$ cat work_19.cif   # mmCIF, N, CA and C atoms
data_coords
loop_
_atom_site.label_atom_id
_atom_site.label_comp_id
_atom_site.auth_asym_id
_atom_site.auth_seq_id
_atom_site.Cartn_x
_atom_site.Cartn_y
_atom_site.Cartn_z
N MET A 1007 100.24 113.64 145.92
CA MET A 1007 99.26 113.67 144.86
C MET A 1007 99.13 115.10 144.34
N ILE A 1008 99.13 115.25 143.04
CA ILE A 1008 98.88 116.54 142.41
C ILE A 1008 97.79 116.34 141.37
N GLN A 1009 96.77 117.18 141.43
CA GLN A 1009 95.69 117.17 140.45
C GLN A 1009 95.57 118.57 139.87
N GLN A 1010 95.13 118.63 138.62
CA GLN A 1010 94.92 119.94 138.01
C GLN A 1010 93.68 119.91 137.14
N VAL A 1011 92.86 120.93 137.29
CA VAL A 1011 91.67 121.09 136.46
C VAL A 1011 91.63 122.53 135.96
N GLU A 1012 91.04 122.69 134.80
CA GLU A 1012 90.83 124.02 134.25
C GLU A 1012 89.34 124.18 134.00
N PHE A 1013 88.80 125.34 134.38
CA PHE A 1013 87.37 125.57 134.22
C PHE A 1013 87.13 127.02 133.84
N SER A 1014 85.92 127.26 133.33
CA SER A 1014 85.53 128.61 132.92
C SER A 1014 84.52 129.19 133.88
N LEU A 1015 84.61 130.49 134.05
CA LEU A 1015 83.59 131.26 134.74
C LEU A 1015 82.82 132.04 133.69
N ASN A 1016 81.52 132.14 133.85
CA ASN A 1016 80.72 132.93 132.92
C ASN A 1016 81.17 134.39 132.94
N ALA A 1017 80.93 135.07 131.81
CA ALA A 1017 81.24 136.50 131.72
C ALA A 1017 80.46 137.26 132.79
N ARG A 1018 81.12 138.25 133.35
CA ARG A 1018 80.50 139.10 134.37
C ARG A 1018 80.78 140.55 134.04
N ARG A 1019 79.92 141.41 134.58
CA ARG A 1019 80.14 142.84 134.42
C ARG A 1019 81.34 143.25 135.27
N ARG A 1020 81.82 144.45 135.07
CA ARG A 1020 82.91 144.94 135.88
C ARG A 1020 82.50 144.96 137.35
N GLY A 1021 83.41 144.52 138.23
CA GLY A 1021 83.13 144.52 139.65
C GLY A 1021 83.85 143.39 140.36
N PHE A 1022 83.56 143.26 141.64
CA PHE A 1022 84.15 142.23 142.49
C PHE A 1022 83.07 141.19 142.75
N HIS A 1023 83.33 139.96 142.30
CA HIS A 1023 82.31 138.90 142.32
C HIS A 1023 82.75 137.73 143.18
N LEU A 1024 81.92 137.38 144.13
CA LEU A 1024 82.19 136.24 145.01
C LEU A 1024 81.98 134.95 144.21
N ILE A 1025 83.03 134.13 144.09
CA ILE A 1025 82.98 132.93 143.25
C ILE A 1025 83.33 131.66 144.02
N THR A 1026 83.34 131.72 145.34
CA THR A 1026 83.75 130.56 146.15
C THR A 1026 82.95 129.31 145.78
N GLY A 1027 81.65 129.43 145.66
CA GLY A 1027 80.81 128.28 145.33
C GLY A 1027 81.12 127.69 143.97
N GLU A 1028 81.34 128.55 142.98
CA GLU A 1028 81.68 128.07 141.63
C GLU A 1028 83.03 127.36 141.62
N VAL A 1029 83.98 127.91 142.35
CA VAL A 1029 85.29 127.26 142.42
C VAL A 1029 85.14 125.88 143.06
N MET A 1030 84.46 125.82 144.19
CA MET A 1030 84.29 124.54 144.89
C MET A 1030 83.60 123.51 143.99
N ALA A 1031 82.59 123.94 143.24
CA ALA A 1031 81.86 123.02 142.35
C ALA A 1031 82.74 122.52 141.20
N SER A 1032 83.79 123.24 140.88
CA SER A 1032 84.67 122.87 139.77
C SER A 1032 85.85 122.02 140.19
N LEU A 1033 86.07 121.86 141.49
CA LEU A 1033 87.21 121.09 141.98
C LEU A 1033 86.85 119.61 142.07
N PRO A 1034 87.85 118.74 141.87
CA PRO A 1034 87.59 117.31 142.04
C PRO A 1034 87.26 117.01 143.50
N SER A 1035 86.48 115.98 143.71
CA SER A 1035 86.08 115.59 145.06
C SER A 1035 86.47 114.14 145.27
N PRO A 1036 86.95 113.77 146.42
CA PRO A 1036 87.18 114.64 147.57
C PRO A 1036 88.51 115.37 147.44
N LEU A 1037 88.64 116.47 148.18
CA LEU A 1037 89.92 117.16 148.27
C LEU A 1037 90.83 116.35 149.18
N PRO A 1038 92.14 116.50 149.03
CA PRO A 1038 93.03 115.79 149.94
C PRO A 1038 92.81 116.23 151.39
N ARG A 1039 93.17 115.39 152.32
CA ARG A 1039 92.99 115.72 153.74
C ARG A 1039 93.82 116.95 154.13
N THR A 1040 95.05 117.02 153.64
CA THR A 1040 95.93 118.15 153.92
C THR A 1040 96.60 118.54 152.61
N GLY A 1041 96.66 119.83 152.34
CA GLY A 1041 97.31 120.24 151.10
C GLY A 1041 97.18 121.71 150.83
N MET A 1042 97.28 122.04 149.54
CA MET A 1042 97.25 123.42 149.09
C MET A 1042 96.52 123.48 147.74
N LEU A 1043 95.68 124.50 147.61
CA LEU A 1043 95.02 124.79 146.34
C LEU A 1043 95.62 126.06 145.78
N ASN A 1044 96.10 125.99 144.55
CA ASN A 1044 96.53 127.19 143.84
C ASN A 1044 95.51 127.47 142.75
N LEU A 1045 95.01 128.70 142.70
CA LEU A 1045 94.12 129.15 141.64
C LEU A 1045 94.85 130.19 140.82
N PHE A 1046 94.77 130.06 139.50
CA PHE A 1046 95.46 130.96 138.58
C PHE A 1046 94.49 131.36 137.47
N VAL A 1047 94.23 132.65 137.31
CA VAL A 1047 93.34 133.12 136.25
C VAL A 1047 94.20 133.48 135.04
N LYS A 1048 93.82 132.97 133.87
CA LYS A 1048 94.63 133.08 132.65
C LYS A 1048 94.30 134.33 131.83
N HIS A 1049 94.26 135.46 132.48
CA HIS A 1049 93.91 136.71 131.80
C HIS A 1049 94.69 137.86 132.41
N THR A 1050 94.81 138.96 131.65
CA THR A 1050 95.60 140.11 132.10
C THR A 1050 94.76 141.31 132.48
N SER A 1051 93.46 141.18 132.48
CA SER A 1051 92.60 142.32 132.82
C SER A 1051 91.57 141.98 133.90
N CYS A 1052 91.87 140.94 134.68
CA CYS A 1052 91.07 140.59 135.85
C CYS A 1052 92.04 140.04 136.88
N ALA A 1053 91.53 139.69 138.04
CA ALA A 1053 92.40 139.19 139.11
C ALA A 1053 91.60 138.29 140.04
N LEU A 1054 92.32 137.69 140.98
CA LEU A 1054 91.71 136.90 142.03
C LEU A 1054 92.08 137.51 143.37
N SER A 1055 91.17 137.40 144.33
CA SER A 1055 91.42 137.97 145.65
C SER A 1055 90.61 137.19 146.68
N ILE A 1056 91.02 137.31 147.92
CA ILE A 1056 90.25 136.79 149.04
C ILE A 1056 89.84 137.99 149.88
N ASN A 1057 88.55 138.06 150.18
CA ASN A 1057 88.06 139.19 150.95
C ASN A 1057 86.75 138.81 151.64
N GLU A 1058 86.12 139.78 152.24
CA GLU A 1058 84.86 139.66 152.99
C GLU A 1058 83.80 138.94 152.15
N ASN A 1059 83.17 137.92 152.72
CA ASN A 1059 82.17 137.17 151.97
C ASN A 1059 80.74 137.41 152.44
N ALA A 1060 80.53 138.30 153.40
CA ALA A 1060 79.19 138.45 153.97
C ALA A 1060 78.50 139.74 153.52
N ASP A 1061 79.12 140.86 153.70
CA ASP A 1061 78.49 142.15 153.43
C ASP A 1061 78.76 142.57 151.98
N PRO A 1062 77.74 142.64 151.13
CA PRO A 1062 77.95 143.01 149.73
C PRO A 1062 78.49 144.44 149.55
N ASP A 1063 78.39 145.28 150.58
CA ASP A 1063 78.95 146.63 150.47
C ASP A 1063 80.46 146.59 150.24
N VAL A 1064 81.12 145.54 150.74
CA VAL A 1064 82.56 145.42 150.52
C VAL A 1064 82.86 145.36 149.03
N ARG A 1065 82.04 144.64 148.28
CA ARG A 1065 82.26 144.49 146.84
C ARG A 1065 82.15 145.82 146.11
N THR A 1066 81.13 146.60 146.45
CA THR A 1066 80.98 147.90 145.78
C THR A 1066 82.04 148.88 146.26
N ASP A 1067 82.41 148.82 147.53
CA ASP A 1067 83.47 149.69 148.03
C ASP A 1067 84.81 149.38 147.35
N MET A 1068 85.12 148.09 147.19
CA MET A 1068 86.37 147.71 146.52
C MET A 1068 86.39 148.24 145.09
N GLU A 1069 85.27 148.15 144.41
CA GLU A 1069 85.19 148.69 143.04
C GLU A 1069 85.48 150.18 143.05
N GLN A 1070 84.89 150.92 143.96
CA GLN A 1070 85.12 152.37 144.04
C GLN A 1070 86.57 152.69 144.38
N ILE A 1071 87.16 151.95 145.30
CA ILE A 1071 88.56 152.17 145.67
C ILE A 1071 89.46 151.98 144.48
N PHE A 1072 89.30 150.87 143.76
CA PHE A 1072 90.17 150.60 142.61
C PHE A 1072 89.96 151.62 141.49
N ASN A 1073 88.72 152.05 141.28
CA ASN A 1073 88.47 153.07 140.25
C ASN A 1073 89.08 154.41 140.64
N HIS A 1074 89.18 154.67 141.92
CA HIS A 1074 89.83 155.90 142.39
C HIS A 1074 91.35 155.80 142.25
N LEU A 1075 91.91 154.62 142.58
CA LEU A 1075 93.36 154.44 142.50
C LEU A 1075 93.88 154.44 141.08
N VAL A 1076 93.15 153.79 140.17
CA VAL A 1076 93.58 153.66 138.77
C VAL A 1076 92.45 154.16 137.89
N ARG A 1077 92.59 155.37 137.43
CA ARG A 1077 91.52 156.03 136.67
C ARG A 1077 91.60 155.73 135.18
N GLU A 1078 90.45 155.79 134.54
CA GLU A 1078 90.38 155.62 133.09
C GLU A 1078 90.74 156.94 132.40
N GLY A 1079 91.22 156.81 131.15
CA GLY A 1079 91.42 157.97 130.29
C GLY A 1079 92.56 158.90 130.69
N GLU A 1080 93.52 158.40 131.45
CA GLU A 1080 94.65 159.26 131.82
C GLU A 1080 95.46 159.60 130.57
N PRO A 1081 95.91 160.85 130.45
CA PRO A 1081 96.61 161.27 129.23
C PRO A 1081 97.96 160.59 129.03
N TYR A 1082 98.53 159.99 130.04
CA TYR A 1082 99.84 159.36 129.92
C TYR A 1082 99.76 157.89 129.49
N TYR A 1083 98.55 157.32 129.30
CA TYR A 1083 98.43 155.95 128.83
C TYR A 1083 98.77 155.89 127.34
N ASP A 1084 99.65 154.96 126.98
CA ASP A 1084 99.95 154.70 125.57
C ASP A 1084 99.07 153.58 125.01
N HIS A 1085 98.77 152.59 125.84
CA HIS A 1085 97.97 151.43 125.42
C HIS A 1085 96.49 151.80 125.52
N THR A 1086 95.93 152.30 124.41
CA THR A 1086 94.57 152.83 124.44
C THR A 1086 93.65 152.25 123.35
N LEU A 1087 94.16 151.38 122.50
CA LEU A 1087 93.39 150.91 121.35
C LEU A 1087 92.21 150.00 121.72
N GLU A 1088 92.24 149.39 122.89
CA GLU A 1088 91.20 148.44 123.27
C GLU A 1088 90.13 149.03 124.18
N GLY A 1089 90.08 150.33 124.31
CA GLY A 1089 89.04 150.98 125.09
C GLY A 1089 89.58 151.63 126.36
N LEU A 1090 88.79 152.52 126.91
CA LEU A 1090 89.19 153.27 128.10
C LEU A 1090 89.42 152.38 129.32
N ASP A 1091 88.72 151.25 129.39
CA ASP A 1091 88.86 150.39 130.57
C ASP A 1091 90.02 149.40 130.49
N ASP A 1092 90.69 149.30 129.33
CA ASP A 1092 91.68 148.25 129.13
C ASP A 1092 92.98 148.48 129.91
N MET A 1093 93.64 149.60 129.71
CA MET A 1093 94.91 149.83 130.41
C MET A 1093 94.70 149.88 131.92
N PRO A 1094 93.66 150.55 132.43
CA PRO A 1094 93.43 150.49 133.87
C PRO A 1094 93.20 149.05 134.36
N ALA A 1095 92.55 148.21 133.54
CA ALA A 1095 92.32 146.82 133.92
C ALA A 1095 93.64 146.07 134.09
N HIS A 1096 94.59 146.32 133.19
CA HIS A 1096 95.90 145.67 133.31
C HIS A 1096 96.61 146.11 134.60
N ALA A 1097 96.55 147.40 134.90
CA ALA A 1097 97.20 147.91 136.11
C ALA A 1097 96.54 147.33 137.37
N LYS A 1098 95.21 147.27 137.38
CA LYS A 1098 94.49 146.73 138.54
C LYS A 1098 94.80 145.24 138.72
N SER A 1099 94.92 144.52 137.62
CA SER A 1099 95.26 143.10 137.67
C SER A 1099 96.63 142.91 138.32
N THR A 1100 97.57 143.77 137.97
CA THR A 1100 98.90 143.70 138.58
C THR A 1100 98.84 144.00 140.07
N LEU A 1101 98.02 144.96 140.47
CA LEU A 1101 97.91 145.30 141.89
C LEU A 1101 97.34 144.15 142.72
N CYS A 1102 96.32 143.46 142.19
CA CYS A 1102 95.67 142.36 142.93
C CYS A 1102 96.42 141.05 142.77
N GLY A 1103 96.82 140.74 141.56
CA GLY A 1103 97.47 139.47 141.28
C GLY A 1103 96.52 138.47 140.64
N VAL A 1104 97.11 137.51 139.95
CA VAL A 1104 96.32 136.55 139.17
C VAL A 1104 96.28 135.16 139.79
N SER A 1105 96.85 135.00 140.99
CA SER A 1105 96.81 133.68 141.61
C SER A 1105 96.62 133.79 143.12
N LEU A 1106 96.11 132.70 143.68
CA LEU A 1106 95.88 132.57 145.12
C LEU A 1106 96.36 131.20 145.57
N ASN A 1107 96.83 131.12 146.80
CA ASN A 1107 97.11 129.85 147.46
C ASN A 1107 96.22 129.75 148.69
N ILE A 1108 95.50 128.65 148.78
CA ILE A 1108 94.57 128.44 149.89
C ILE A 1108 94.89 127.08 150.52
N PRO A 1109 95.15 127.03 151.82
CA PRO A 1109 95.42 125.74 152.45
C PRO A 1109 94.18 124.84 152.48
N ILE A 1110 94.44 123.57 152.40
CA ILE A 1110 93.39 122.55 152.55
C ILE A 1110 93.66 121.83 153.86
N THR A 1111 92.67 121.82 154.73
CA THR A 1111 92.81 121.20 156.05
C THR A 1111 91.58 120.33 156.30
N HIS A 1112 91.80 119.09 156.68
CA HIS A 1112 90.70 118.14 156.93
C HIS A 1112 89.78 118.05 155.72
N GLY A 1113 90.37 118.11 154.51
CA GLY A 1113 89.59 117.94 153.29
C GLY A 1113 88.75 119.13 152.88
N ARG A 1114 88.98 120.29 153.50
CA ARG A 1114 88.20 121.50 153.16
C ARG A 1114 89.14 122.68 152.98
N LEU A 1115 88.70 123.67 152.18
CA LEU A 1115 89.48 124.89 152.07
C LEU A 1115 89.50 125.57 153.43
N ASN A 1116 90.67 125.94 153.87
CA ASN A 1116 90.83 126.51 155.20
C ASN A 1116 90.75 128.04 155.12
N LEU A 1117 89.58 128.51 154.73
CA LEU A 1117 89.30 129.95 154.68
C LEU A 1117 88.76 130.40 156.04
N GLY A 1118 89.00 131.66 156.37
CA GLY A 1118 88.45 132.21 157.60
C GLY A 1118 86.93 132.34 157.50
N THR A 1119 86.30 132.54 158.63
CA THR A 1119 84.84 132.62 158.70
C THR A 1119 84.26 133.60 157.70
N TRP A 1120 84.88 134.75 157.53
CA TRP A 1120 84.32 135.80 156.67
C TRP A 1120 85.07 135.94 155.36
N GLN A 1121 85.83 134.92 154.96
CA GLN A 1121 86.61 135.01 153.73
C GLN A 1121 85.93 134.27 152.58
N GLY A 1122 86.00 134.88 151.40
CA GLY A 1122 85.52 134.26 150.17
C GLY A 1122 86.47 134.55 149.04
N ILE A 1123 86.37 133.75 147.99
CA ILE A 1123 87.20 133.92 146.80
C ILE A 1123 86.49 134.85 145.83
N TYR A 1124 87.21 135.83 145.34
CA TYR A 1124 86.65 136.82 144.42
C TYR A 1124 87.29 136.74 143.05
N LEU A 1125 86.46 136.90 142.02
CA LEU A 1125 86.94 137.29 140.70
C LEU A 1125 86.81 138.81 140.66
N CYS A 1126 87.91 139.47 140.42
CA CYS A 1126 87.92 140.93 140.30
C CYS A 1126 87.92 141.23 138.80
N GLU A 1127 86.77 141.57 138.28
CA GLU A 1127 86.63 141.84 136.84
C GLU A 1127 86.82 143.33 136.61
N PHE A 1128 87.85 143.68 135.85
CA PHE A 1128 88.20 145.08 135.66
C PHE A 1128 87.80 145.63 134.29
N ARG A 1129 87.27 144.79 133.41
CA ARG A 1129 86.79 145.26 132.11
C ARG A 1129 85.27 145.38 132.15
N ASP A 1130 84.73 146.32 131.36
CA ASP A 1130 83.28 146.44 131.26
C ASP A 1130 82.68 145.16 130.68
N TYR A 1131 83.37 144.59 129.68
CA TYR A 1131 82.92 143.36 129.02
C TYR A 1131 84.12 142.43 128.87
N GLY A 1132 84.50 141.80 129.95
CA GLY A 1132 85.70 140.97 129.95
C GLY A 1132 85.53 139.60 129.33
N GLY A 1133 84.31 139.12 129.26
CA GLY A 1133 84.07 137.80 128.68
C GLY A 1133 84.29 136.70 129.70
N PRO A 1134 84.12 135.44 129.26
CA PRO A 1134 84.35 134.30 130.16
C PRO A 1134 85.81 134.30 130.62
N ARG A 1135 86.04 133.81 131.81
CA ARG A 1135 87.40 133.76 132.37
C ARG A 1135 87.79 132.33 132.67
N ARG A 1136 89.03 131.96 132.31
CA ARG A 1136 89.56 130.61 132.53
C ARG A 1136 90.42 130.59 133.78
N ILE A 1137 90.19 129.58 134.62
CA ILE A 1137 90.96 129.42 135.85
C ILE A 1137 91.57 128.01 135.86
N VAL A 1138 92.84 127.95 136.22
CA VAL A 1138 93.54 126.68 136.43
C VAL A 1138 93.62 126.47 137.95
N ALA A 1139 93.13 125.33 138.39
CA ALA A 1139 93.21 124.95 139.81
C ALA A 1139 94.17 123.79 139.94
N THR A 1140 95.20 123.98 140.74
CA THR A 1140 96.18 122.93 141.01
C THR A 1140 96.07 122.57 142.49
N ILE A 1141 95.82 121.28 142.72
CA ILE A 1141 95.61 120.78 144.08
C ILE A 1141 96.79 119.87 144.42
N MET A 1142 97.48 120.21 145.48
CA MET A 1142 98.61 119.41 145.96
C MET A 1142 98.29 118.96 147.37
N GLY A 1143 98.46 117.68 147.64
CA GLY A 1143 98.18 117.24 148.99
C GLY A 1143 98.28 115.74 149.15
N GLU A 1144 97.94 115.34 150.38
CA GLU A 1144 97.98 113.91 150.70
C GLU A 1144 96.71 113.50 151.41
#

$ encode --input "work_19.cif" --output "structure tokens"
Amino acid sequence: MIQQVEFSLNARRRGFHLITGEVMASLPSPLPRTGMLNLFVKHTSCALSINENADPDVRTDMEQIFNHLVREGEPYYDHTLEGLDDMPAHAKSTLCGVSLNIPITHGRLNLGTWQGIYLCEFRDYGGPRRIVATIMGE
């Protein structure tokens, strides 16, 4: 069985946002007993990640780390017409990636105890984000 749904996430400010609950609410129910969920974000200036879901300091630390690794306003950027945050957002998106695979076991996402799904928003005003969820399983 293969199912696919597409859904939107509301616009968020720049940062790392825990979206596990929103993703789960957007998936068809029930999930297959065993399978795989692929999530794909249809944008080039944000990303998806799995990381710590308990301590909110992780979210702010990740933002600081990425801003340190890929700085705004570098003189060697050619792609600058869409604002100072645009080219760094594309680079950060490439570093994180735009898709995730999560196993489904006993009808539930098989995430670790402290794992959550993140939308990594790299633009100051990125707007709503579209995600395609493909569920494969039996």

$ atom_distance --input "work_19.cif" --atom1 "atom C of His1096 (chain A)" --atom2 "CA of Val1076 (chain A)"
9.1 Å

$ resolve_selection --input "work_19.cif" --expression "the PyMOL selection byres ((chain A and resi 1029-1032) around 8)" --output "list in words"
Val1011, Glu1012, Phe1013, Ser1014, Leu1024, Ile1025, Thr1026, Gly1027, Glu1028, Leu1033, Pro1034, Ser1035 and Ala1139 of chain A

$ resolve_selection --input "work_19.cif" --expression "the PyMOL selection byres ((chain A and resi 1131) around 8)" --output "JSON, numbers by chain"
{"A": [1017, 1018, 1019, 1020, 1127, 1128, 1129, 1130, 1132, 1133, 1134]}

$ write_last_selection --input "work_19.cif" --atoms "N, CA and C atoms" --output "PDB file, in the coordinates of the input"
ATOM      1  N   ALA A1017      80.930 135.070 131.810  1.00  0.00           N
ATOM      2  CA  ALA A1017      81.240 136.500 131.720  1.00  0.00           C
ATOM      3  C   ALA A1017      80.460 137.260 132.790  1.00  0.00           C
ATOM      4  N   ARG A1018      81.120 138.250 133.350  1.00  0.00           N
ATOM      5  CA  ARG A1018      80.500 139.100 134.370  1.00  0.00           C
ATOM      6  C   ARG A1018      80.780 140.550 134.040  1.00  0.00           C
ATOM      7  N   ARG A1019      79.920 141.410 134.580  1.00  0.00           N
ATOM      8  CA  ARG A1019      80.140 142.840 134.420  1.00  0.00           C
ATOM      9  C   ARG A1019      81.340 143.250 135.270  1.00  0.00           C
ATOM     10  N   ARG A1020      81.820 144.450 135.070  1.00  0.00           N
ATOM     11  CA  ARG A1020      82.910 144.940 135.880  1.00  0.00           C
ATOM     12  C   ARG A1020      82.500 144.960 137.350  1.00  0.00           C
ATOM     13  N   GLU A1127      86.770 141.570 138.280  1.00  0.00           N
ATOM     14  CA  GLU A1127      86.630 141.840 136.840  1.00  0.00           C
ATOM     15  C   GLU A1127      86.820 143.330 136.610  1.00  0.00           C
ATOM     16  N   PHE A1128      87.850 143.680 135.850  1.00  0.00           N
ATOM     17  CA  PHE A1128      88.200 145.080 135.660  1.00  0.00           C
ATOM     18  C   PHE A1128      87.800 145.630 134.290  1.00  0.00           C
ATOM     19  N   ARG A1129      87.270 144.790 133.410  1.00  0.00           N
ATOM     20  CA  ARG A1129      86.790 145.260 132.110  1.00  0.00           C
ATOM     21  C   ARG A1129      85.270 145.380 132.150  1.00  0.00           C
ATOM     22  N   ASP A1130      84.730 146.320 131.360  1.00  0.00           N
ATOM     23  CA  ASP A1130      83.280 146.440 131.260  1.00  0.00           C
ATOM     24  C   ASP A1130      82.680 145.160 130.680  1.00  0.00           C
ATOM     25  N   GLY A1132      84.500 141.800 129.950  1.00  0.00           N
ATOM     26  CA  GLY A1132      85.700 140.970 129.950  1.00  0.00           C
ATOM     27  C   GLY A1132      85.530 139.600 129.330  1.00  0.00           C
ATOM     28  N   GLY A1133      84.310 139.120 129.260  1.00  0.00           N
ATOM     29  CA  GLY A1133      84.070 137.800 128.680  1.00  0.00           C
ATOM     30  C   GLY A1133      84.290 136.700 129.700  1.00  0.00           C
ATOM     31  N   PRO A1134      84.120 135.440 129.260  1.00  0.00           N
ATOM     32  CA  PRO A1134      84.350 134.300 130.160  1.00  0.00           C
ATOM     33  C   PRO A1134      85.810 134.300 130.620  1.00  0.00           C
TER      34      PRO A1134
END

$ closest_atom_pairs --input "work_19.cif" --of "region 1008-1058 of chain A" --to "region 1105-1116 of chain A" --cutoff "6 Å" --atoms "only C-alpha atoms" --output "JSON lines"
{"residue": "A:Leu1037", "atom": "CA", "partner": "A:Gly1113", "partner_atom": "CA", "distance": 5.1}
{"residue": "A:Pro1038", "atom": "CA", "partner": "A:Gly1113", "partner_atom": "CA", "distance": 5.3}
{"residue": "A:Arg1039", "atom": "CA", "partner": "A:Gly1113", "partner_atom": "CA", "distance": 4.1}
{"residue": "A:Thr1040", "atom": "CA", "partner": "A:Thr1111", "partner_atom": "CA", "distance": 4.9}
{"residue": "A:Gly1041", "atom": "CA", "partner": "A:Ile1110", "partner_atom": "CA", "distance": 4.8}
{"residue": "A:Met1042", "atom": "CA", "partner": "A:Pro1109", "partner_atom": "CA", "distance": 4.5}
{"residue": "A:Leu1043", "atom": "CA", "partner": "A:Ile1108", "partner_atom": "CA", "distance": 5.1}
{"residue": "A:Asn1044", "atom": "CA", "partner": "A:Asn1107", "partner_atom": "CA", "distance": 4.5}
{"residue": "A:Leu1045", "atom": "CA", "partner": "A:Leu1106", "partner_atom": "CA", "distance": 5.2}
{"residue": "A:Phe1046", "atom": "CA", "partner": "A:Ser1105", "partner_atom": "CA", "distance": 4.3}

$ write_last_selection --input "work_19.cif" --atoms "N, CA and C atoms" --output "PDB file, in the coordinates of the input"
ATOM      1  N   LEU A1037      88.640 116.470 148.180  1.00  0.00           N
ATOM      2  CA  LEU A1037      89.920 117.160 148.270  1.00  0.00           C
ATOM      3  C   LEU A1037      90.830 116.350 149.180  1.00  0.00           C
ATOM      4  N   PRO A1038      92.140 116.500 149.030  1.00  0.00           N
ATOM      5  CA  PRO A1038      93.030 115.790 149.940  1.00  0.00           C
ATOM      6  C   PRO A1038      92.810 116.230 151.390  1.00  0.00           C
ATOM      7  N   ARG A1039      93.170 115.390 152.320  1.00  0.00           N
ATOM      8  CA  ARG A1039      92.990 115.720 153.740  1.00  0.00           C
ATOM      9  C   ARG A1039      93.820 116.950 154.130  1.00  0.00           C
ATOM     10  N   THR A1040      95.050 117.020 153.640  1.00  0.00           N
ATOM     11  CA  THR A1040      95.930 118.150 153.920  1.00  0.00           C
ATOM     12  C   THR A1040      96.600 118.540 152.610  1.00  0.00           C
ATOM     13  N   GLY A1041      96.660 119.830 152.340  1.00  0.00           N
ATOM     14  CA  GLY A1041      97.310 120.240 151.100  1.00  0.00           C
ATOM     15  C   GLY A1041      97.180 121.710 150.830  1.00  0.00           C
ATOM     16  N   MET A1042      97.280 122.040 149.540  1.00  0.00           N
ATOM     17  CA  MET A1042      97.250 123.420 149.090  1.00  0.00           C
ATOM     18  C   MET A1042      96.520 123.480 147.740  1.00  0.00           C
ATOM     19  N   LEU A1043      95.680 124.500 147.610  1.00  0.00           N
ATOM     20  CA  LEU A1043      95.020 124.790 146.340  1.00  0.00           C
ATOM     21  C   LEU A1043      95.620 126.060 145.780  1.00  0.00           C
ATOM     22  N   ASN A1044      96.100 125.990 144.550  1.00  0.00           N
ATOM     23  CA  ASN A1044      96.530 127.190 143.840  1.00  0.00           C
ATOM     24  C   ASN A1044      95.510 127.470 142.750  1.00  0.00           C
ATOM     25  N   LEU A1045      95.010 128.700 142.700  1.00  0.00           N
ATOM     26  CA  LEU A1045      94.120 129.150 141.640  1.00  0.00           C
ATOM     27  C   LEU A1045      94.850 130.190 140.820  1.00  0.00           C
ATOM     28  N   PHE A1046      94.770 130.060 139.500  1.00  0.00           N
ATOM     29  CA  PHE A1046      95.460 130.960 138.580  1.00  0.00           C
ATOM     30  C   PHE A1046      94.490 131.360 137.470  1.00  0.00           C
TER      31      PHE A1046
END

$ select_by_dssp --input "work_19.cif" --residues "chain A" --states "alpha helix (DSSP H)" --output "VMD selection string"
chain A and resid 1026 to 1032 1063 to 1075 1092 to 1102

$ atom_distance --input "work_19.cif" --atom1 "CA of Asp1063 (chain A)" --atom2 "CA of Tyr1124 (chain A)"
13.9 Å

$ closest_residue --input "work_19.cif" --among "A:Glu1144, A:Thr1050, A:Gly1122, A:Ile1056" --to "Asp1092 (chain A)" --atoms "all atoms listed in the file"
A:Thr1050

$ closest_residue --input "work_19.cif" --among "A:Gly1143, A:Gln1010, A:Asp1091, A:Leu1075" --to "Ser1051 (chain A)" --atoms "all atoms listed in the file"
A:Asp1091

$ atom_distance --input "work_19.cif" --atom1 "CA of Cys1126 (chain A)" --atom2 "atom C of Leu1090 (chain A)"
15.9 Å

$ residues_around --input "work_19.cif" --residues "Leu1015 (chain A)" --least-positions-apart "4" --cutoff "6 Å" --atoms "all atoms listed in the file" --output "JSON list (two decimals) with N, CA and C atoms, keeping the file's coordinate frame"
[["chain", "number", "residue", "atom", "x", "y", "z"],
["A", 1134, "PRO", "N", 84.12, 135.44, 129.26],
["A", 1134, "PRO", "CA", 84.35, 134.30, 130.16],
["A", 1134, "PRO", "C", 85.81, 134.30, 130.62],
["A", 1135, "ARG", "N", 86.04, 133.81, 131.81],
["A", 1135, "ARG", "CA", 87.40, 133.76, 132.37],
["A", 1135, "ARG", "C", 87.79, 132.33, 132.67],
["A", 1136, "ARG", "N", 89.03, 131.96, 132.31],
["A", 1136, "ARG", "CA", 89.56, 130.61, 132.53],
["A", 1136, "ARG", "C", 90.42, 130.59, 133.78],
["A", 1137, "ILE", "N", 90.19, 129.58, 134.62],
["A", 1137, "ILE", "CA", 90.96, 129.42, 135.85],
["A", 1137, "ILE", "C", 91.57, 128.01, 135.86]]

$ residues_around --input "work_19.cif" --residues "Arg1065 (chain A)" --least-positions-apart "5" --cutoff "7 Å" --atoms "all atoms listed in the file" --output "list in words"
Gly1021, Phe1022, His1023 and Gln1070 of chain A

$ closest_residue --input "work_19.cif" --among "A:Cys1102, A:Glu1088, A:Val1047, A:Gln1121" --to "Val1064 (chain A)" --atoms "only C-alpha atoms"
A:Gln1121

$ resolve_selection --input "work_19.cif" --expression "the PyMOL selection byres ((chain A and resi 1079) around 7)" --output "list in words"
Arg1077, Glu1078, Glu1080, Pro1081, Tyr1082, Tyr1083, Leu1090, Asp1091 and Pro1094 of chain A

$ axis_aligned_box --input "work_19.cif" --around "region 1017-1031 of chain A" --padding-each-side "5 Å" --output "lines of an AutoDock Vina configuration file"
center_x = 82.6
center_y = 133.7
center_z = 138.9
size_x = 15.4
size_y = 32.4
size_z = 24.4

$ closest_residue --input "work_19.cif" --among "A:Phe1072, A:Asn1016, A:Asn1059, A:Asp1067" --to "Leu1101 (chain A)" --atoms "only C-alpha atoms"
A:Phe1072

$ select_by_dssp --input "work_19.cif" --residues "chain A" --states "strand (DSSP E)" --output "PyMOL selection string"
chain A and resi 1008-1015+1021-1024+1040-1047+1052-1058+1105-1111+1114-1115+1121-1127+1135-1143
